[in-house]
Protein chains: 2
Amino acid sequence: MALSKSLKTAELEKISHLDYFNIAISVDCVIFGYDKKELKVLLIKSDLEEFKGLWSLLGDFINPDEDLESAPYRVLKERTGMDDVYLEQVYTFGDLDRHPSGRVITTAYYSLIDIRHHQLKLTHNELHWHSVSDIRQLAFDHKKIFDRCLERLREQVMEHPIIFNLLPEKFSLRELQDLYQAILGVKLDRRNFRKKIANKGWLLDIDEMEMDVPHRPGKLYKAKIRLKKKPIKKKAGQVV
Amino acid sequence: MALSKSLKTAELEKISHLDYFNIAISVDCVIFGYDKKELKVLLIKSDLEEFKGLWSLLGDFINPDEDLESAPYRVLKERTGMDDVYLEQVYTFGDLDRHPSGRVITTAYYSLIDIRHHQLKLTHNELHWHSVSDIRQLAFDHKKIFDRCLERLREQVMEHPIIFNLLPEKFSLRELQDLYQAILGVKLDRRNFRKKIANKGWLLDIDEMEMDVPHRPGKLYKAKIRLKKKPIKKKAGQVV
DNA sequence: TGTTAATGTGTGATAAGTACATAATTGCTA
DNA sequence: TAGCAATTATGTACTTATCACACATTAACA
C-alpha cells in the first residue's frame with residue numbers, strides 16, 4: 001500500500017511531513033535453542049563499525065508492505081531456513097540513542113527452535129549459537145533486549161506448552177527436566193517435577209523407550225500440542 | 001538528533017532511502033479509571049471521517065526527538081494534565097491496514113489514574129469516561145488494543161501493587177475489594193480477600209476510620225508504595 | 001558379574017486456596 | 001429511642017498444591 005495513495009488531504013498535512021516519517025522500525029529476534037543441557041541463543045557478528053567484534057541479535061527493518069508480525073518470521077526464514085516456528089512479541093524499544101545510525105525503534109520477539117533443524121546456514125554468514133549463561137555484552141541495546149526476552153521466556157515456560165519447540169519430537173522426562181533447568185537456571189526435584197508436568201496434561205505417552213543409553217532407558221513422550229504462532233495471512237485492506 | 005547527521009555513508013545506502021522511512025509510529029493509551037464501582041476507560045471522539053461517531057483511544061505520533069517511553073507520558077499530560085501516572089507498555093500493533101491514512105505502527109500502553117485528579121479537561125475536547133463493560137466497538141483496531149490491555153491489567157493486578165493508582169490516598173478494604181471485583185469481573189469472598197491482601201504486605205494501617213458512612217465504619221489504609229513508572233530523563237547520546 | 005547411571009515411584013509436612021456464619025457498629029427512619 | 005439496613009471484623013474445616021526426601025530397578029559397559 002503506497003502511503004500517498006491512501007492519504008486524505010487533511011491527513012497529509014498532519015502526518016505526512018518528514019518529521020513523522022524519519023523514524024525506522026525494525027524487529028529483533030532472540031532465537032533460543034537447546035543443546036547439551038544448555039540454553040543457547042543465535043547471534044550474528046555486528047556489521048557496524050561502532051560495534052566491531054560484538055555480537056548482535058538477528059533483526060531487520062520492517063518493509064512498508066508487510067505486517068509487523070510477519071517481519072520476524074521473515075527474519076527467521078532468511079537466517080535459519082525455518083518457517084514453522086514459535087514466535088512471541090515481547091517489547092518495543094525506542095530510546096532516542098539506541099541505534100548509532102539514526103532513529104530506529106525496534107520490536108523484540110523471542111523464538112524457540114529445535115537447534116537440529118537448520119544446521120546448514122550456520123557456516124555461511126557469521127551466525128553462531130552462544131550459551132545463554134555466557135552472554136555479557138551485545139551490540140546496540142541488545143543485551144537489554146535479550147534480558148527482557150529471557151525473563152519473558154522464564155515467565156511463560158511453566159504456564160504454556162511452548163517448551164516442546166526446543167525439543168525433538170520424542171523425548172524423555174529427563175530431557176524435559178534438563179531443559180526446564182537450563183531455562184530457569186535452577187535444579188528441580190525429579191519426583192515433584194514429574195508430578196507437576198503430569199498435572200499439566202501436556203504429554204502423550206507413546207509407549208516407546210529410549211534406545212542405546214548407557215543406563216536404564218526411560219519412557220518417551222510426545223507433546224500433545226506444539227504451540228506455534230504463525231502469522232495469519234491477510235491481504236491489505238481486508239476487513240477482519 | 002537529525003538522522004542525516006549521524007548516518008555513515010554505508011548505512012545511508014542501506015537504510016536511509018524512503019522505503020524504510022515512510023512508516024509512522026504512534027502510541028495509544030488505554031487509560032483506566034475507577035468510579036462508582038465501575039472500571040472506566042478514557043476515550044475521545046474519533047476525528048477521522050472513516051470512524052465518524054466512534055470513540056478511540058488517546059494517542060499521538062512519536063516525535064523524532066523523544067524516547068518511545070516518553071510519548072505516552074506526553075499524551076497523558078496533554079489530555080489529563082497529570083504527569084505522575086502509572087504506565088506500562090503492553091504490545092505493538094502493526095497490521096498493514098490498521099490505519100486508513102497510511103502505514104502506522106502503534107505501541108499500546110495502559111495507565112491507571114485516579115479519576116478525581118483531572119476533572120478539568122473533560123468538558124473541552126471530546127473526552128469521556130466509558131464503563132469498560134460497555135465497550136463494544138472502537139475506531140481503528142482500538143478494540144483489539146483495548147482488549148489486550150485489559151487482559152494485561154487483569155494479569156498484573158494481583159501480582160504487583162499497581163491498583164492503588166486507581167484509588168484515593170486513603171481507602172477501606174471494602175473499596176479495595178470492590179475495585180478488584182470491577183477489574184477482574186468476579187465476586188470475591190470478603191474473608192479470603194482480606195487474608196490474601198494481608199499476606200501481600202502492600203497496606204499500611206493508618207489507624208483511621210471511615211467517616212460519615214451509613215453503616216459501621218471500616219478502617220482506612222494507605223498503600224505502602226505507589227508504583228509509578230516515570231520515564232528516566234536522558235539526553236540523546238548519553239551512554240547508559 | 002559388578003559398577004555406573006539413570007528410571008520409577010509415595011509419603012508426610014507445610015502453605016495456599018476455598019467455602020462459609022456470627023456478633024458488633026454506625027446512620028437512618030419511624 | 002427502637003429497630004432496621006448496611007457493613008465491619010473475625011476463624012475453622014476442607015481441599016489442593018508445594019516441598020523435601022529414599023529405595024528398588026534396569027540397561028550398558030568393562
# chains A, B, ... in the order shown; residues from 1 in each chain; ligands from 1
>>> interface_residues(of="chain A", to="chain C", cutoff="8 Å", atoms="only C-alpha atoms (C1' of nucleotides)", output="count of residues only")
5
>>> interface_residues(of="chain D", to="chain A", cutoff="9 Å", atoms="only C-alpha atoms (C1' of nucleotides)", output="PyMOL selection string")
chain D and resi 18-20+25-29
>>> closest_residue(among="A:Asn63, A:Ser101, A:Ser56, A:Asn165", to="A:Leu179", atoms="only C-alpha atoms")
A:Asn165
>>> closest_residue(among="B:Val30, B:Ala198, B:Ala108, B:Ile44", to="chain A", atoms="only C-alpha atoms")
B:Ala108
>>> closest_residue(among="A:Glu38, A:Asp207, A:Glu50, A:Glu126", to="chain B", atoms="only C-alpha atoms")
A:Glu50
>>> select_by_dssp(residues="stretch 4-203 of chain B", states="strand (DSSP E)", output="JSON, numbers by chain")
{"B": [24, 25, 26, 27, 28, 29, 30, 31, 32, 33, 34, 35, 38, 39, 40, 41, 42, 43, 44, 45, 55, 56, 58, 59, 60, 61, 86, 87, 88, 89, 90, 91, 92, 93, 104, 105, 106, 107, 108, 109, 110, 111, 112, 127, 128, 129, 130, 131, 171, 172, 203]}
>>> atom_distance(atom1="atom CA of A:Tyr73", atom2="atom CA of A:Ile23")
22.0 Å
>>> atom_distance(atom1="atom CA of A:His160", atom2="atom CA of A:Leu68")
23.6 Å
>>> atom_distance(atom1="atom CA of B:Arg116", atom2="atom CA of B:Glu175")
15.2 Å
>>> residues_around(residues="B:Asp178", least_positions_apart="2", cutoff="12 Å", atoms="only C-alpha atoms (C1' of nucleotides)", output="list in words")
Tyr34, Asp35, Lys36, Lys37, Glu38, Leu39, Ile163, Leu166, Leu167, Phe171, Ser172, Leu173, Arg174, Glu175, Leu176, Tyr180, Gln181, Ala182, Ile183, Leu184, Gly185, Val186, Lys187, Leu188, Asp189, Arg190 and Phe193 of chain B
>>> select_by_dssp(residues="stretch 12-87 of chain A", states="helix (DSSP H, G or I)", output="MDAnalysis selection string")
chainID A and resid 12:15 18:20 49:51 70:80
>>> decode(residues="chain C", atoms="C-alpha atoms (C1' of nucleotides)", output="PDB file, in the first residue's frame")
ATOM      1  C1'  DT C   1      29.134 -60.149  37.293  1.00  0.00           C
ATOM      2  C1'  DG C   2      29.929 -55.881  39.380  1.00  0.00           C
ATOM      3  C1'  DT C   3      29.838 -50.905  38.530  1.00  0.00           C
ATOM      4  C1'  DT C   4      27.649 -46.916  36.712  1.00  0.00           C
ATOM      5  C1'  DA C   5      23.988 -44.004  35.690  1.00  0.00           C
ATOM      6  C1'  DA C   6      19.947 -43.437  35.230  1.00  0.00           C
ATOM      7  C1'  DT C   7      14.451 -44.667  35.859  1.00  0.00           C
ATOM      8  C1'  DG C   8      10.237 -45.090  38.511  1.00  0.00           C
ATOM      9  C1'  DT C   9       7.588 -44.438  42.461  1.00  0.00           C
ATOM     10  C1'  DG C  10       4.946 -42.382  47.610  1.00  0.00           C
ATOM     11  C1'  DT C  11       4.506 -40.045  51.946  1.00  0.00           C
ATOM     12  C1'  DG C  12       4.331 -36.673  55.480  1.00  0.00           C
ATOM     13  C1'  DA C  13       4.770 -31.646  56.469  1.00  0.00           C
ATOM     14  C1'  DT C  14       3.663 -27.115  55.268  1.00  0.00           C
ATOM     15  C1'  DA C  15       1.459 -23.483  52.720  1.00  0.00           C
ATOM     16  C1'  DA C  16      -2.251 -21.663  49.919  1.00  0.00           C
ATOM     17  C1'  DG C  17      -6.949 -21.602  48.368  1.00  0.00           C
ATOM     18  C1'  DT C  18     -11.923 -22.137  49.209  1.00  0.00           C
ATOM     19  C1'  DA C  19     -16.395 -22.202  51.413  1.00  0.00           C
ATOM     20  C1'  DC C  20     -18.928 -20.494  54.930  1.00  0.00           C
ATOM     21  C1'  DA C  21     -21.700 -17.679  59.756  1.00  0.00           C
ATOM     22  C1'  DT C  22     -21.996 -14.769  63.687  1.00  0.00           C
ATOM     23  C1'  DA C  23     -21.551 -10.754  66.595  1.00  0.00           C
ATOM     24  C1'  DA C  24     -20.622  -5.718  66.531  1.00  0.00           C
ATOM     25  C1'  DT C  25     -21.087  -0.877  64.983  1.00  0.00           C
ATOM     26  C1'  DT C  26     -22.979   3.119  62.789  1.00  0.00           C
ATOM     27  C1'  DG C  27     -26.613   6.175  60.491  1.00  0.00           C
ATOM     28  C1'  DC C  28     -31.150   6.465  59.335  1.00  0.00           C
ATOM     29  C1'  DT C  29     -36.040   6.418  59.920  1.00  0.00           C
ATOM     30  C1'  DA C  30     -40.372   5.770  62.039  1.00  0.00           C
TER      31       DA C  30
END
